[in-house]
Every structure is written in structure tokens, then in C-alpha cells.
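**Student:** Following this message is one structure expressed as C-alpha cells.
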Amino acid sequence: MLQEHNVIIKNHRQVDIRFASCYPNLYRTAMSSLGFHILYDFLNSREDVWCERVIYPFATSFESSNHLKNFDLVSFSLQYEQDYFNVLEMLKKGNIPLRKSDRGDNDPLVIAGGPCATANPLPMSPFVDLFIVGEAEVILNEFINIYKELDNPRKEIDAFLDVEGIYIPDNYVKRAIVPDMDYACHPVFQVIPETDDKEFIPVFGSSILLGISRGCSRGCRFCMAGYLYRPRRETSLKKLFEIAEASRDVTKLNKVALIGAAVSDYSKIDELCYGLMERGFNLTTPSLRIESLSADTLSALQESGLKTITLAPESTCTIRKRMNKPIYDEQTFEVTKLALDRGMNVKLYFLLGTPHETKEDLLELSHLMTDIQKLSNRKNSVRFSVNPLIPKPHTPLQWEGFDLSLLKSKIKYLKSQLGKYPLKIDSPRTGLIQYVLSTCGSEIGDLIEKSMQNNLPLSEWKKFASPKDLESNLPWENIDVGLRDDFLKEEYLKMVSGKITPWCEESRCYNCGSCE
């Protein structure tokens with residue numbers, strides 16, 4: 001049985017717009033997303049809008065049990081490319097024609113936002129009427145105001161082009177982001193589920209989600225989020241303490257999940273952790289950066305009840321240098337041992353299939369993982385997760401292809417070197433599909449629709465896995481995420497030659513274009 005607290009119920013006769021906020025993934029993932037909470041809080045703060053949640057695989061809203069067909073606006077949060085298939089399934093269950101060309105005046109306007117919509121909305125453009133590019137709270141008010149003025153938003157859709165951050169295919173768009181995190185939307189009345197069913201328990205359990213920062217300027221060359229949402233912006237300590245205490249007053253929760261692209265990079269992370277602990281909060285957080293995780297921060301997290309930390313060494317030192325993540329093995333050993341000595345568990349993420357990766361690199365990687373494993377005598381206290389590298393739009397790797405056969409052989413070799421250690425390795429087949437969904441244009445719309453009905457042979461996906469020419473036009477060329485035109489090309493050439501671009505916050509500005 002599921003019970004939710006802080007759900008917003010409005011009289012549908014007293015609002016102008018019924019807005020369906022759809023999350024095309026499971027409930028526990030949806031309710032762990034701070035962005036999903038922000039959208040719900042932000043839209044419901046308007047008296048003329050009632051925002052309701054529809055979460056996969058359910059076909060109706062949690063608030064009023066209404067089908068998508070009955071809403072004015074249907075919005076999807078695109079966090080993962082694999083969720084595109086779920087979007088179509090939700091549209092079908094909601095009695096909305098899948099393709100926008102088949103919809104009539106009485107059908108809802110279908111929109112989408114999130115990192116996938118910001119990076120490359122083209123694959124979903126046959127099914128979505130318009131996209132939010134950037135951070136929604138600086139776009140949606142103006143969008144809704146224009147929507148209310150139009151007699152027929154579908155036929156008059158070009159009226160939205162005047163809004164910065166609105167993308168309609170074949171038009172130019174400039175990303176819009178919140179310039180000052182103290183004035184961003186920080187939801188206090190977060191929806192809190194209460195249940196014994198593990199499928200409905202959020203990733204961080206019953207926690208207040210606290211947005212400490214957005215964006216990252218470290219420049220890891222494989223990380224899409226690190227390029228989409230530059231520059232790094234922090235919420236002030238004073239504001240964070242205010243939000244945490246106000247949230248506790250309405251949720252009665254004492255556990256806080258620190259949310260940010262690089263939590264341990266927060267400039268006052270120790271003051272934040274100890275300040276929250278002094279106020280009676282327990283802490284949890286997603287992945288931490290090895291090079292900025294201090295012993296004091298680790299102690300604060302451990303003292304507050306955190307039992308497992310997640311680190312991402314990615315690969316060997318040579319590969320990390322190519323990927324512009326210059327972490328030394330000694331730093332990984334040091335942080336891992338600090339955590340283990342405190343009785344904590346450590347989960348480490350690695351990448352496989354990076355450009356110019358050799359068999360010698362894989363052998364070195366297996367030795368690195370073996371040495372890390374030897375740091376602990378406790379069973380299952382150290383766990384490894386290996387993921388195929390997926391080249392992403394708006395990163396220096398955006399021109400790379402995806403070689404499925406080569407990746408399979410690398411996985412086989414790595415397993416042979418680490419026979420006795422359990423490895424969690426993501427499916428290379430899934431990696432291929434994700435690559436195609438990430439880096440292709442509207443031409444794969446048919447592929448996405450067919451996949452909703454049947455498992456297509458891999459040969460259909462392999463057709464789109466070739467690398468791109470450095471001078472070719474890319475599907476997302478009309479999406480301006482604030483980077484200088486030739487910056488990514490410069491970073492790609494540095495990757496080929498193994499050169500590092502030091503972190504601009506500790507070195508100098510490289511004129512990437514994101515800072516005014």
C-alpha cells in the first residue's frame with residue numbers, strides 16, 4: 001500500500017490549465033529526481049495551473065486518476081534515452097496519437113524537457129510538439145502565459161519561438177538556465193511516499209532532496225551534463241540551511257540527500273555537512289568526486305549515518321588523462337581506504353570502450369581493480385560497476401562511433417582477468433541502442449516506434465553506429481548550450497593527443513563560452 005504526503009489537490013473547475021507531469025520511468029526513480037519535484041512545486045505555485053503526476057507504467061495521474069487525453073499540456077521528463085520507448089507507451093495508454101502529425105485540435109500539446117531534450121531532442125521530434133532546452137523554471141512561466149493567450153496552440157505553435165529555451169524542430173534555440181541558485185526553485189513541500197513496497201521506496205529512502213549546486217566545469221570529456229549546464233552555480237549556505245529546516249517542518253524528516261552534479265566540489269562542503277549535522281540531520285549523497293573528497297567530509301558523512309559511498313575512477317591513469325579526469329591511482333586508494341577504515345562500503349564505477357583504449361590499458365585496469373579489492377577484508381565491502389562508454393552530444397566525444405564487436409571482446413578479456421571478482425557490467429547491446437538514441441536525428445523515429453512493438457534485430461541499430469566526420473553537420477547543431485563553436489573540437493584534438501585542460505576554477509578561463 002502506498003500513501004503520499006504533501007500531494008497537491010486542486011479544483012479542476014478553478015484552474016485554466018491541467019498540466020500532466022510525466023516521468024517515463026519507475027516510481028522510485030521519479031520520486032528520487034529533484035527536477036521532478038521542482039516541476040511539481042513550481043507549476044502548482046500558480047493558481048491557474050494544476051500540475052498532476054503520471055509515472056510509468058501507470059496510465060492515469062496520481063492526483064485525480066485522469067488519463068493523459070484529458071489534460072491540456074502533457075510534459076515528459078527525459079532523463080535517460082532508454083525511456084523514449086516508455087514515452088510512446090504512456091502516450092498510447094493515454095489515448096493520445098503517438099505522432100504529432102496525427103494529433104488534432106482536441107489533443108493535448110505534448111512537450112518534453114530534461115537533459116536528453118536539452119542535448120539532442122531530434123530523435124523524439126516526431127512525437128513531441130516542442131522541447132524545453134535548459135532549466136524549466138526560467139522558461140515555463142512565459143511559455144504558459146503565451147499558451148493561455150492562443151486560441152489554437154497547436155496551429156499557432158510558432159508563437160512560442162520568442163521564448164528563450166523553447167525548441168521547435170528546424171529552428172535555432174538558446175539554452176536557458178537559472179543564473180543565481182538562491183533564486184532557483186527549491187521545493188519545501190516535497191511529496192513523501194510512505195510504503196513497505198520496495199518498488200515505491202525512493203533511491204535515497206525517505207529524504208529531503210536538497211539542491212546544493214547545478215552544473216560542473218571540471219571538463220570530463222565524456223560527461224554530457226558537464227557541458228550542458230555550465231557554469232557551476234552554488235546555493236548559499238544560509239539558503240540551504242533555511243530550506244532544510246523549512247522542509248523538516250512540513251515533512252517531519254531528518255534525513256537530507258545532497259543533490260548536485262559534483263557534490264564534494266561544493267565550496268563549503270564541510271561547513272554544510274557539519275552545519276546540517278548540528279541541526280540534527282542525517283546525510284546521504286550520490287557519487288562523490290575522488291579529488292575533492294576530504295577526510296573531514298567523509299567523516300561527516302559517516303557520522304551522519306551514510307554507509308556506502310560511490311566513486312568513479314573511470315579507468316587507468318592514462319585513459320583518465322585522455323578523458324580530462326586527471327585523478328591519480330594513489331588518490332583512489334587513499335579515499336577508498338579512508339572509507340573502508342571507517343566501516344563504510346565503497347562502490348566504484350568504471351568505463352569501458354574509451355577512445356584509443358588498448359589491451360594493455362585493460363590489463364592495467366584489471367590490476368587496478370584487483371589492488372582496490374585487496375584494500376578490504378570484509379566481504380562485498382568493495383563493489384565494481386563497469387559501463388560501456390556512450391559518446392554524447394555536446395561533448396568532445398560527439399564524433400565517435402560505437403563498435404559493438406570490439407566492446408564485447410573487451411568485456412570478455414576484462415572478465416578473464418578478474419575471474420574471481422564479481423562484476424556488474426552493463427549490456428553492450430543496451431549501450432549500442434543508447435548510443436543511437438543519443439546521437440542520431442529524427443530519422444530514427446520509425447525505429448523508436450517499431451521498438452515499442454517488437455525487439456528489433458541489432459543490425460537495425462548498427463546501421464547508425466558509425467563515427468561522424470569532424471567537419472560534418474550534427475543533428476543538434478541548432479541547439480546552443482552556451483559553448484563556443486570550436487571549443488569542443490579543440491577538446492577532441494586534446495583528447496587524441498592526451499593533453500589535459502586543467503579545471504578552470506583552479507587554473508584560468510579557457511573561454512568555453514558558458515560564462516558571460
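Chains: A, B, ... in order of the C-alpha cells. Residues: from 1 per chain. Ligands: from 1, in order shown.
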Set the distance at 10 Å and use only C-alpha atoms: which residues neighbour stretch 484-500 of chain A once local chain neighbours fewer than 3 positions away are removed? I'd like the list as a ChimeraX atom specification.
**Tutor:** /A:219-221,227,318-326,355-356,394-400,470-471,477,480-481,503,510-514
**Student:** Let me see the file: selected residues, N, CA, C and O atoms, as a short mmCIF file (atom, residue, chain, number, x, y, z; two decimals), in the first residue's frame.
**Tutor:**
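Final file, out.cif:
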data_model
loop_
_atom_site.label_atom_id
_atom_site.label_comp_id
_atom_site.auth_asym_id
_atom_site.auth_seq_id
_atom_site.Cartn_x
_atom_site.Cartn_y
_atom_site.Cartn_z
N GLY A 219 35.15 19.50 -16.80
CA GLY A 219 35.52 19.24 -18.19
C GLY A 219 35.86 17.81 -18.51
O GLY A 219 36.63 17.56 -19.46
N CYS A 220 35.31 16.83 -17.76
CA CYS A 220 35.50 15.42 -18.14
C CYS A 220 34.90 15.23 -19.54
O CYS A 220 33.72 15.52 -19.75
N ARG A 221 35.68 14.74 -20.46
CA ARG A 221 35.30 14.81 -21.88
C ARG A 221 34.18 13.87 -22.29
O ARG A 221 33.64 13.98 -23.38
N TYR A 227 28.86 19.67 -19.74
CA TYR A 227 28.90 20.67 -20.80
C TYR A 227 27.54 21.36 -20.99
O TYR A 227 27.49 22.52 -21.38
N THR A 318 46.24 6.67 -17.54
CA THR A 318 46.45 7.12 -18.92
C THR A 318 45.13 7.49 -19.58
O THR A 318 45.01 8.54 -20.22
N ILE A 319 44.12 6.64 -19.42
CA ILE A 319 42.81 6.90 -20.01
C ILE A 319 42.15 8.09 -19.33
O ILE A 319 41.52 8.93 -20.00
N ARG A 320 42.29 8.18 -18.02
CA ARG A 320 41.70 9.33 -17.30
C ARG A 320 42.28 10.63 -17.82
O ARG A 320 41.57 11.64 -17.93
N LYS A 321 43.56 10.63 -18.14
CA LYS A 321 44.18 11.84 -18.67
C LYS A 321 43.56 12.21 -20.02
O LYS A 321 43.25 13.37 -20.28
N ARG A 322 43.34 11.21 -20.88
CA ARG A 322 42.69 11.48 -22.17
C ARG A 322 41.28 12.03 -21.97
O ARG A 322 40.82 12.88 -22.71
N MET A 323 40.60 11.51 -20.95
CA MET A 323 39.22 11.92 -20.69
C MET A 323 39.14 13.19 -19.86
O MET A 323 38.06 13.63 -19.46
N ASN A 324 40.30 13.79 -19.59
CA ASN A 324 40.40 15.04 -18.82
C ASN A 324 39.86 14.88 -17.39
O ASN A 324 39.20 15.77 -16.85
N LYS A 325 40.14 13.73 -16.82
CA LYS A 325 39.82 13.48 -15.41
C LYS A 325 41.09 13.02 -14.72
O LYS A 325 41.27 11.84 -14.42
N PRO A 326 42.03 13.97 -14.48
CA PRO A 326 43.38 13.61 -14.02
C PRO A 326 43.43 13.24 -12.54
O PRO A 326 43.93 13.99 -11.70
N PRO A 355 37.91 5.97 -26.30
CA PRO A 355 38.76 6.09 -27.49
C PRO A 355 40.23 5.80 -27.19
O PRO A 355 40.74 6.21 -26.14
N HIS A 356 40.87 5.08 -28.10
CA HIS A 356 42.30 4.76 -28.02
C HIS A 356 42.64 3.82 -26.86
O HIS A 356 43.80 3.73 -26.44
N HIS A 394 27.28 17.35 -27.60
CA HIS A 394 27.83 18.49 -26.87
C HIS A 394 28.97 18.11 -25.95
O HIS A 394 29.21 18.75 -24.93
N THR A 395 29.66 17.02 -26.28
CA THR A 395 30.89 16.65 -25.59
C THR A 395 31.98 16.49 -26.64
O THR A 395 31.69 16.33 -27.83
N PRO A 396 33.25 16.50 -26.23
CA PRO A 396 34.33 16.28 -27.20
C PRO A 396 34.29 14.91 -27.88
O PRO A 396 34.98 14.70 -28.88
N LEU A 397 33.50 13.97 -27.36
CA LEU A 397 33.41 12.64 -27.95
C LEU A 397 32.24 12.51 -28.92
O LEU A 397 31.96 11.41 -29.41
N GLN A 398 31.57 13.61 -29.24
CA GLN A 398 30.33 13.54 -30.02
C GLN A 398 30.55 13.02 -31.45
O GLN A 398 29.58 12.63 -32.11
N TRP A 399 31.78 12.99 -31.90
CA TRP A 399 32.05 12.49 -33.26
C TRP A 399 32.38 10.98 -33.26
O TRP A 399 32.51 10.39 -34.32
N GLU A 400 32.55 10.39 -32.11
CA GLU A 400 32.94 8.98 -32.01
C GLU A 400 31.78 8.05 -32.38
O GLU A 400 30.61 8.39 -32.20
N LEU A 470 34.64 15.01 -38.45
CA LEU A 470 34.85 16.18 -37.61
C LEU A 470 34.26 17.46 -38.21
O LEU A 470 33.96 18.42 -37.50
N GLU A 471 34.09 17.46 -39.51
CA GLU A 471 33.55 18.65 -40.19
C GLU A 471 32.08 18.49 -40.57
O GLU A 471 31.50 19.38 -41.20
N GLU A 477 22.90 20.69 -34.18
CA GLU A 477 23.65 21.93 -34.45
C GLU A 477 22.83 23.19 -34.16
O GLU A 477 23.40 24.27 -33.93
N ASP A 480 21.92 25.56 -29.03
CA ASP A 480 23.02 26.34 -28.48
C ASP A 480 23.02 26.19 -26.96
O ASP A 480 22.16 26.73 -26.27
N VAL A 481 23.99 25.42 -26.42
CA VAL A 481 24.06 25.22 -24.97
C VAL A 481 25.07 26.16 -24.33
O VAL A 481 25.46 25.97 -23.17
N TRP A 503 41.24 22.31 -14.58
CA TRP A 503 39.97 22.85 -14.09
C TRP A 503 40.05 24.36 -14.02
O TRP A 503 40.93 24.92 -13.36
N TYR A 510 39.23 29.24 -19.97
CA TYR A 510 39.58 28.74 -21.31
C TYR A 510 38.61 29.26 -22.37
O TYR A 510 38.60 28.78 -23.49
N ASN A 511 37.78 30.22 -21.97
CA ASN A 511 36.85 30.84 -22.90
C ASN A 511 35.98 29.79 -23.60
O ASN A 511 35.83 29.79 -24.81
N CYS A 512 35.38 28.91 -22.81
CA CYS A 512 34.50 27.89 -23.40
C CYS A 512 33.20 28.50 -23.89
O CYS A 512 32.50 27.92 -24.71
N GLY A 513 32.87 29.69 -23.35
CA GLY A 513 31.67 30.39 -23.80
C GLY A 513 30.54 30.41 -22.80
O GLY A 513 29.58 31.16 -22.97
N SER A 514 30.63 29.61 -21.73
CA SER A 514 29.49 29.49 -20.82
C SER A 514 29.38 30.63 -19.83
O SER A 514 28.30 30.91 -19.31
#
**Student:** Which of stretch 412-463 of chain A counts as alpha helix (DSSP H) under DSSP, as a PyMOL selection string please?
**Tutor:** chain A and resi 412-417+428-439+445-453+458-462
**Student:** Between A:Ile208, A:Phe85, A:Ile111, A:Leu150, which is the closest to A:Ile166 once you count only C-alpha atoms?
**Tutor:**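 Of A:Ile208, A:Phe85, A:Ile111, A:Leu150, the one nearest A:Ile166, counting only C-alpha atoms, is A:Ile111.
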**Student:** Could you check how far atom CA of A:Ser459 sits from atom CA of A:Pro388, in Å to one decimal?
**Tutor:** 18.8 Å
**Student:** Do you know which residues are at most 12 Å from A:Ser292 counting only C-alpha atoms, after dropping those on the same chain fewer than 6 positions away, and could you put them as a PyMOL selection string?
**Tutor:** chain A and resi 218+262-270+298+311+327+331-332+335
**Student:** Rounded to one decimal place, report the atom CA of A:Arg233-atom CA of A:Leu301 distance in Å.
**Tutor:**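 Distance between the two atoms: 22.5 Å.
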**Student:** Ranking A:Val173, A:Leu272, A:Met277, A:Ala20 by minimum distance to A:Val49 and counting only C-alpha atoms, which one comes first?
**Tutor:**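 Once distances to A:Val49 are computed over only C-alpha atoms, the minimum belongs to A:Ala20.
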